[in-house]
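Chemist: Can you read through this structure? Questions will come right after.
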Amino acid sequence: MNLSNTKKQILNCLFPWKCLGCYQYCQNDYPLCPNCFQLLAVKSSFYCPVCQKRISPNNFSACKTHRYKSPIMAVASPLSYEDNLAKKLIRAFKYQGLISLANPFGQILNQVIDEYQEVFQKEQWIIIPIPLHPRKEKQRGFNQAKLLAQEISNQFSFLYNDTILTRIKNNPAQAQIDDYEKRKENVKNIFQLQPQCQEQIRNQNIILIDDVITTGATLGEAAKLLKINGAHKIIALCLAKG
């Protein structure tokens with residue numbers, strides 16, 4: 001018997017989580033019951049990052065109208081940050097350190113991969129979480145994008161790499177800035193590609209992972225750097241759209 005699982009079961013019996021949705025005790029390893037999990041509205045489709053047009057699993061390609069307007073070919077964000085339950089769960093995960101929520105969040109992101117599994121089985125993909133600045137990651141104690149990326153890579157055969165990109169500027173959080181142009185300026189040149197990793201991404205397909213996408217400026221800056229250094233297709237998979 002797995003001692004780690006046994007320990008979890010004992011702790012769950014002695015100190016069960018209260019669901020953040022209905023506030024009832026639940027037996028999961030995280031504070032979300034099955035009923036409230038089902039209440040989350042999940043959109044398991046990729047879309048064009050410019051016009052938001054859905055991209056079909058049967059014809060997975062960049063939007064013909066906007067293919068040259070973004071370094072990112074497609075984006076998926078299954079949850080809406082405007083949904084009260086989704087917002088509460090994401091904030092608890094990100095700011096209150098309830099990292100066990102990476103499990104149900106990973107299940108939601110994996111639904112998107114499942115929907116497009118034929119696409120991902122045809123080619124090799126490298127999964128890269130958007131990095132935090134080292135100072136911010138040390139302060140928070142974790143990088144939420146890494147936890148999400150690890151949940152996906154544990155389920156699928158993607159190559160996981162969290163060392164390709166580093167964040168070299170400890171810029172203010174995008175959520176603190178309302179103006180779109182100021183958001184773009186805030187993330188300008190915040191990432192650096194590790195020189196020894198350039199050959200690893202040349203002609204490779206990349207999946208960028210982040211928690212919340214609003215204007216897409218942060219993801220776009222990362223994708224632009226990867227494209228300049230030879231990456232082929234770049235898509236983004238985020239937990240929610242703000």
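Residues in the structure tokens are named by chain (A, B, ... in the order shown) and by number from 1 within that chain; ligands are numbered from 1 in the order shown.
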As number ranges by chain, please: every residue in range 48-168 of chain A that a backbone DSSP assignment puts in helix (DSSP H, G or I).

Modeler: A: 57-59, 84-95, 99-115, 117-122, 134-140, 144-155

Chemist: Set out as a tab-separated table a contact list for range 177-213 of chain A and range 140-157 of chain A with a cut-off of 12 Å, giving each residue of range 177-213 of chain A that qualifies its closest atom pair and distance in Å to one decimal, counting only C-alpha atoms, ordered by chain and rising residue number.

Modeler:
```
residue	atom	partner	partner_atom	distance
A:Ile207	CA	A:Ala149	CA	9.3
A:Leu208	CA	A:Ala149	CA	8.6
A:Ile209	CA	A:Ala145	CA	5.9
A:Asp210	CA	A:Ala145	CA	4.9
A:Asp211	CA	A:Ala145	CA	5.9
A:Val212	CA	A:Ala145	CA	9.4
A:Ile213	CA	A:Ala145	CA	11.8
```

Chemist: I need the chosen residues saved as a tab-separated table (two decimals), in the first residue's frame, with C-alpha atoms.

Modeler:
```tsv
chain	number	residue	atom	x	y	z
A	207	ILE	CA	2.39	24.97	-25.23
A	208	LEU	CA	2.62	27.97	-22.89
A	209	ILE	CA	0.80	27.53	-19.56
A	210	ASP	CA	-0.52	30.33	-17.35
A	211	ASP	CA	-3.33	30.79	-14.86
A	212	VAL	CA	-5.35	33.77	-16.14
A	213	ILE	CA	-5.27	35.51	-19.51
```

Chemist: Mind giving me the straight-line distance from CA of Cys48 in chain A to CA of Tyr116 in chain A in Å, one decimal?

Modeler: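 One can read the CA of Cys48 in chain A to CA of Tyr116 in chain A distance as 15.0 Å.
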
Chemist: If you count only C-alpha atoms, which residues fall within 9 Å of Pro134 in chain A, apart from same-chain ones fewer than 6 positions away, as a ChimeraX atom specification?

Modeler: /A:166-168,170

Chemist: Identify, on the basis of only C-alpha atoms, every residue whose closest approach to Gln124 in chain A does not exceed 9 Å; exclude the query and any residue fewer than 2 positions from it along the same chain; express the result as a ChimeraX atom specification.

Modeler: /A:120-122,126,157-159,204-206

Chemist: Take the residues from that selection and put them in a file with N, CA and C atoms, as a PDB file, in the first residue's frame.

Modeler:
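Final file, again_26.pdb:
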```
ATOM      1  N   PHE A 120      -2.631  16.742 -30.822  1.00  0.00           N
ATOM      2  CA  PHE A 120      -1.430  16.621 -30.008  1.00  0.00           C
ATOM      3  C   PHE A 120      -0.707  15.290 -30.213  1.00  0.00           C
ATOM      4  N   GLN A 121      -1.423  14.299 -30.717  1.00  0.00           N
ATOM      5  CA  GLN A 121      -0.785  13.009 -30.976  1.00  0.00           C
ATOM      6  C   GLN A 121       0.021  13.008 -32.270  1.00  0.00           C
ATOM      7  N   LYS A 122      -0.283  13.945 -33.150  1.00  0.00           N
ATOM      8  CA  LYS A 122       0.385  13.989 -34.456  1.00  0.00           C
ATOM      9  C   LYS A 122       1.798  14.546 -34.381  1.00  0.00           C
ATOM     10  N   ILE A 126       6.330  20.741 -26.526  1.00  0.00           N
ATOM     11  CA  ILE A 126       7.027  21.054 -25.276  1.00  0.00           C
ATOM     12  C   ILE A 126       6.120  21.954 -24.450  1.00  0.00           C
ATOM     13  N   SER A 157       1.945  12.879 -22.605  1.00  0.00           N
ATOM     14  CA  SER A 157       3.365  12.655 -22.895  1.00  0.00           C
ATOM     15  C   SER A 157       4.046  13.881 -23.497  1.00  0.00           C
ATOM     16  N   PHE A 158       3.754  15.058 -22.951  1.00  0.00           N
ATOM     17  CA  PHE A 158       4.438  16.268 -23.399  1.00  0.00           C
ATOM     18  C   PHE A 158       5.805  16.357 -22.731  1.00  0.00           C
ATOM     19  N   LEU A 159       6.747  16.989 -23.407  1.00  0.00           N
ATOM     20  CA  LEU A 159       8.035  17.281 -22.800  1.00  0.00           C
ATOM     21  C   LEU A 159       7.865  18.512 -21.917  1.00  0.00           C
ATOM     22  N   GLN A 204      10.407  23.537 -32.831  1.00  0.00           N
ATOM     23  CA  GLN A 204       9.558  22.753 -31.933  1.00  0.00           C
ATOM     24  C   GLN A 204       8.218  23.448 -31.697  1.00  0.00           C
ATOM     25  N   ASN A 205       7.215  22.659 -31.349  1.00  0.00           N
ATOM     26  CA  ASN A 205       5.896  23.178 -31.000  1.00  0.00           C
ATOM     27  C   ASN A 205       5.828  23.401 -29.493  1.00  0.00           C
ATOM     28  N   ILE A 206       5.285  24.541 -29.094  1.00  0.00           N
ATOM     29  CA  ILE A 206       5.298  24.943 -27.691  1.00  0.00           C
ATOM     30  C   ILE A 206       3.874  25.143 -27.177  1.00  0.00           C
TER      31      ILE A 206
END
```
